[in-house]
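Colleague: Can you read through this structure? Questions will come right after.
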Amino acid sequence: MTFRGFPPAGMALLARLPTMDVGEFAAVRGDWQASLLDPARDLVDDLGACLTEQVSPGLVGDPKVNGSIAPINADLRFNPHGPRYKDHLLLRWWEGTPKKTAPTLFLRLDPGQIGFAAGVSFTSASCWRAAVGDNRAGDELRRLIDDVKQAVADVKQAVADVDIAGADLKRVPKPFPSDHPNADLLRHKAMFQLRWAEPLPAEVSTSDLTEFCAMRLVGLAGLHRWLVSELT
């Protein structure tokens, strides 16, 4: 085990990043790497070892930027006048290829909260609709979602209800009826993600963050396995 936590100075720096220009970030790049990037690499490795053992041996973690660690630079194509740098770290472990559309477990670390998610993107919705529209598979997915919601509610730490992202269509697509039991899930066009956030725990600055995160992400094991078995 190599992860020792994110130092308080690193979390303070993370909160300041969106206010910085290129020159200001260059001046603190060494601090960013030592207090945020290097610990993130260690967390990818240590947490990944837990996930491959307890969720699926097929999960992949790559402790580098554009691997399991999202770039800290913001994508300015859609907001050219917005902040140049993000105020969060986003880590992922995926199963299957290509990574872009593989079932994935996510961890997001903000200055004030920590988020967890399981999800998948798809280039074609036909496979998703076939699985969700099937009585057996669709019922199993609904049960798994409800189990996660109940588990999060029992912990009573979430800052908001469990959210399901990706229902972009206004209507249930044909040939499914509008009153289909999984009508809300059938409206997903390109992705599905179940996610929630909790207040930032005291463990963030210690090695105990690995266990804290593992407990949450392992709770998504059934949902992740469903995504792998039904969509890949």
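Every chain in the structure tokens takes a letter, A first, then B, and so on in the order presented; its residues are numbered from 1, and the ligands are numbered from 1 following the presented order.
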Please run DSSP on the backbone and report, as a count of residues only, all residues within segment 38-185 of chain A that come out as strand (DSSP E or B).

Modeller: 29

Colleague: Using only C-alpha atoms, find each residue of segment 75-134 of chain A with at least one atom at most 10 Å away from an atom of segment 197-216 of chain A; report its shortest atom-to-atom pair and that distance in Å (one decimal), sort the rows by chain and rising residue number, and return the result as CSV.

Modeller:
residue,atom,partner,partner_atom,distance
A:Leu107,CA,A:Cys213,CA,8.0
A:Arg108,CA,A:Ala197,CA,8.5
A:Leu109,CA,A:Leu200,CA,8.0
A:Asp110,CA,A:Leu200,CA,7.7
A:Pro111,CA,A:Leu200,CA,7.4
A:Gly112,CA,A:Leu200,CA,5.3
A:Gln113,CA,A:Leu200,CA,4.0
A:Ile114,CA,A:Leu200,CA,5.4
A:Gly115,CA,A:Ala197,CA,4.0
A:Phe116,CA,A:Ala197,CA,6.3
A:Ala117,CA,A:Ala197,CA,8.9

Colleague: Using only C-alpha atoms, can you tell me which of A:Pro18, A:Pro83, A:Gly58, A:Gly10 comes closest to Asp38 of chain A?

Modeller: A:Gly10

Colleague: For segment 124-127 of chain A, please output as a PyMOL selection string all residues within 7 Å (counting only C-alpha atoms; exclusion window: fewer than 6 positions along the same chain).

Modeller: chain A and resi 189-190+231

Colleague: Applying 12 Å and only C-alpha atoms, which residues near Glu140 of chain A remain after dropping the ones on its own chain fewer than 3 positions away? List them as a ChimeraX atom specification.

Modeller: /A:131-137,143-147,182,222-223,225-227,229-230

Colleague: Could you tell me which of A:Asn79, A:Thr52, A:Thr123, A:Leu186 comes closest to Leu141 of chain A if we count only C-alpha atoms?

Modeller: A:Leu186

Colleague: Out of A:Arg129, A:Ala153, A:Lys86, A:Asp75, which residue has the shortest atom-to-atom distance to Ala15 of chain A when counting only C-alpha atoms?

Modeller: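 Closest residue, counting only C-alpha atoms: A:Lys86.
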
Colleague: Smallest atom-to-atom distance to Leu36 of chain A: which of A:Leu59, A:Ala12, A:Ala102, A:Leu217, using only C-alpha atoms?

Modeller: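 Result for the nearest residue to Leu36 of chain A: A:Ala12.
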
Colleague: Which neighbours of Val28 of chain A fall inside 10 Å, counting only C-alpha atoms, when residues of the same chain fewer than 6 positions from it are skipped, and could you give them as a list in words?

Modeller: Leu13, Leu17 and Met20 of chain A

Colleague: Taking all heavy atoms for each residue, export the selection above as a PDB file, in the first residue's frame.

Modeller:
ATOM      1  N   LEU A  13      -5.116  23.768  -2.530  1.00  0.00           N
ATOM      2  CA  LEU A  13      -4.694  24.115  -3.884  1.00  0.00           C
ATOM      3  C   LEU A  13      -5.764  23.737  -4.893  1.00  0.00           C
ATOM      4  O   LEU A  13      -6.035  24.492  -5.846  1.00  0.00           O
ATOM      5  CB  LEU A  13      -3.379  23.406  -4.204  1.00  0.00           C
ATOM      6  CG  LEU A  13      -2.842  23.568  -5.632  1.00  0.00           C
ATOM      7  CD1 LEU A  13      -2.600  25.038  -5.957  1.00  0.00           C
ATOM      8  CD2 LEU A  13      -1.557  22.762  -5.809  1.00  0.00           C
ATOM      9  N   LEU A  17      -7.472  26.241  -7.952  1.00  0.00           N
ATOM     10  CA  LEU A  17      -7.097  26.057  -9.359  1.00  0.00           C
ATOM     11  C   LEU A  17      -7.995  26.801 -10.347  1.00  0.00           C
ATOM     12  O   LEU A  17      -7.494  27.376 -11.324  1.00  0.00           O
ATOM     13  CB  LEU A  17      -7.054  24.568  -9.694  1.00  0.00           C
ATOM     14  CG  LEU A  17      -5.896  23.766  -9.103  1.00  0.00           C
ATOM     15  CD1 LEU A  17      -5.968  22.321  -9.564  1.00  0.00           C
ATOM     16  CD2 LEU A  17      -4.557  24.375  -9.479  1.00  0.00           C
ATOM     17  N   MET A  20      -6.931  30.341 -11.428  1.00  0.00           N
ATOM     18  CA  MET A  20      -5.581  30.556 -11.946  1.00  0.00           C
ATOM     19  C   MET A  20      -5.549  30.685 -13.466  1.00  0.00           C
ATOM     20  O   MET A  20      -6.341  30.063 -14.178  1.00  0.00           O
ATOM     21  CB  MET A  20      -4.670  29.401 -11.526  1.00  0.00           C
ATOM     22  CG  MET A  20      -4.442  29.306 -10.039  1.00  0.00           C
ATOM     23  SD  MET A  20      -3.276  27.980  -9.630  1.00  0.00           S
ATOM     24  CE  MET A  20      -3.240  28.119  -7.850  1.00  0.00           C
TER      25      MET A  20
END

Colleague: One decimal, Å: what's the distance from atom CA of Glu95 of chain A over to atom CA of Ala118 of chain A, could you say?

Modeller: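 A separation of 11.4 Å between them.
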
Colleague: Interatomic distance between atom CA of Arg29 of chain A and atom CA of Ile72 of chain A?

Modeller: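 We find that atom CA of Arg29 of chain A and atom CA of Ile72 of chain A lie 11.1 Å from each other.
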
Colleague: Using only C-alpha atoms, what does the table of segment 85-180 of chain A residues within 12 Å of segment 60-71 of chain A look like, with each row giving the shortest atom pair and its distance in Å to one decimal, sorted by chain and ascending number, as a Markdown table?

Modeller:
| residue | atom | partner | partner_atom | distance |
| --- | --- | --- | --- | --- |
| A:Tyr85 | CA | A:Pro71 | CA | 9.0 |
| A:Lys86 | CA | A:Pro71 | CA | 8.6 |
| A:Asp87 | CA | A:Pro71 | CA | 11.3 |
| A:His88 | CA | A:Ala70 | CA | 9.6 |
| A:Leu89 | CA | A:Ala70 | CA | 7.0 |
| A:Leu90 | CA | A:Ala70 | CA | 5.5 |
| A:Leu91 | CA | A:Ile69 | CA | 4.8 |
| A:Arg92 | CA | A:Ser68 | CA | 4.8 |
| A:Trp93 | CA | A:Gly61 | CA | 5.0 |
| A:Trp94 | CA | A:Val60 | CA | 5.3 |
| A:Glu95 | CA | A:Val60 | CA | 6.0 |
| A:Gly96 | CA | A:Val60 | CA | 8.3 |
| A:Thr97 | CA | A:Val60 | CA | 10.2 |
| A:Pro98 | CA | A:Val60 | CA | 11.6 |
| A:Lys99 | CA | A:Gly67 | CA | 9.1 |
| A:Lys100 | CA | A:Gly67 | CA | 10.7 |
| A:Ala102 | CA | A:Val60 | CA | 10.4 |
| A:Pro103 | CA | A:Val60 | CA | 10.7 |
| A:Thr104 | CA | A:Val60 | CA | 9.3 |
| A:Leu105 | CA | A:Val60 | CA | 10.1 |
| A:Phe106 | CA | A:Ser68 | CA | 9.2 |
| A:Leu107 | CA | A:Ile69 | CA | 9.9 |
| A:Arg108 | CA | A:Ala70 | CA | 10.0 |
| A:Leu109 | CA | A:Ile69 | CA | 11.4 |

Colleague: Can you pull out the residues contacting Asp163 of chain A? Cut-off 7 Å, using only C-alpha atoms, and skip same-chain residues under 4 positions away; I want them as an mmCIF file with all heavy atoms, in the first residue's frame.

Modeller:
data_model
loop_
_atom_site.group_PDB
_atom_site.id
_atom_site.type_symbol
_atom_site.label_atom_id
_atom_site.label_comp_id
_atom_site.auth_asym_id
_atom_site.auth_seq_id
_atom_site.Cartn_x
_atom_site.Cartn_y
_atom_site.Cartn_z
ATOM 1 N N LEU A 194 -25.122 6.037 -12.640
ATOM 2 C CA LEU A 194 -25.716 6.175 -11.311
ATOM 3 C C LEU A 194 -24.649 6.758 -10.402
ATOM 4 O O LEU A 194 -23.532 6.250 -10.342
ATOM 5 C CB LEU A 194 -26.180 4.813 -10.804
ATOM 6 C CG LEU A 194 -26.852 4.797 -9.430
ATOM 7 C CD1 LEU A 194 -27.928 3.724 -9.376
ATOM 8 C CD2 LEU A 194 -25.823 4.548 -8.323
ATOM 9 N N ARG A 195 -24.999 7.837 -9.673
ATOM 10 C CA ARG A 195 -23.968 8.547 -8.925
ATOM 11 C C ARG A 195 -24.549 9.233 -7.698
ATOM 12 O O ARG A 195 -25.742 9.504 -7.617
ATOM 13 C CB ARG A 195 -23.312 9.595 -9.828
ATOM 14 C CG ARG A 195 -24.287 10.639 -10.379
ATOM 15 C CD ARG A 195 -23.702 11.401 -11.532
ATOM 16 N NE ARG A 195 -24.626 12.425 -12.018
ATOM 17 C CZ ARG A 195 -24.449 13.141 -13.132
ATOM 18 N NH1 ARG A 195 -23.379 12.928 -13.882
ATOM 19 N NH2 ARG A 195 -25.330 14.058 -13.491
ATOM 20 N N TRP A 196 -23.679 9.507 -6.759
ATOM 21 C CA TRP A 196 -24.038 10.290 -5.586
ATOM 22 C C TRP A 196 -22.776 10.894 -4.997
ATOM 23 O O TRP A 196 -21.665 10.505 -5.342
ATOM 24 C CB TRP A 196 -24.757 9.430 -4.544
ATOM 25 C CG TRP A 196 -23.885 8.539 -3.717
ATOM 26 C CD1 TRP A 196 -23.352 8.807 -2.480
ATOM 27 C CD2 TRP A 196 -23.412 7.222 -4.066
ATOM 28 N NE1 TRP A 196 -22.602 7.736 -2.040
ATOM 29 C CE2 TRP A 196 -22.630 6.767 -2.988
ATOM 30 C CE3 TRP A 196 -23.592 6.393 -5.188
ATOM 31 C CZ2 TRP A 196 -22.012 5.514 -3.003
ATOM 32 C CZ3 TRP A 196 -22.981 5.148 -5.200
ATOM 33 C CH2 TRP A 196 -22.204 4.722 -4.113
#

Colleague: Out of A:Arg41, A:Lys174, A:Gly30, A:Ser35, which residue has the shortest atom-to-atom distance to Ala130 of chain A when counting only C-alpha atoms?

Modeller: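 Nearest candidate to Ala130 of chain A out of A:Arg41, A:Lys174, A:Gly30, A:Ser35: A:Lys174.
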
Colleague: Mind pulling up the distance from atom CA of Phe192 of chain A to atom CA of Ile164 of chain A?

Modeller: 7.1 Å

Colleague: Using only C-alpha atoms, which of the listed residues (A:Ala9, A:Ala74, A:Val228, A:Leu220) sits closest to Val152 of chain A?

Modeller: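 The answer is A:Leu220, which sits nearest to Val152 of chain A.
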
Colleague: So which bits of segment 59-213 of chain A end up alpha helix (DSSP H) when you DSSP the backbone, as number ranges by chain?

Modeller: A: 126-133, 135-155, 183-186, 209-213
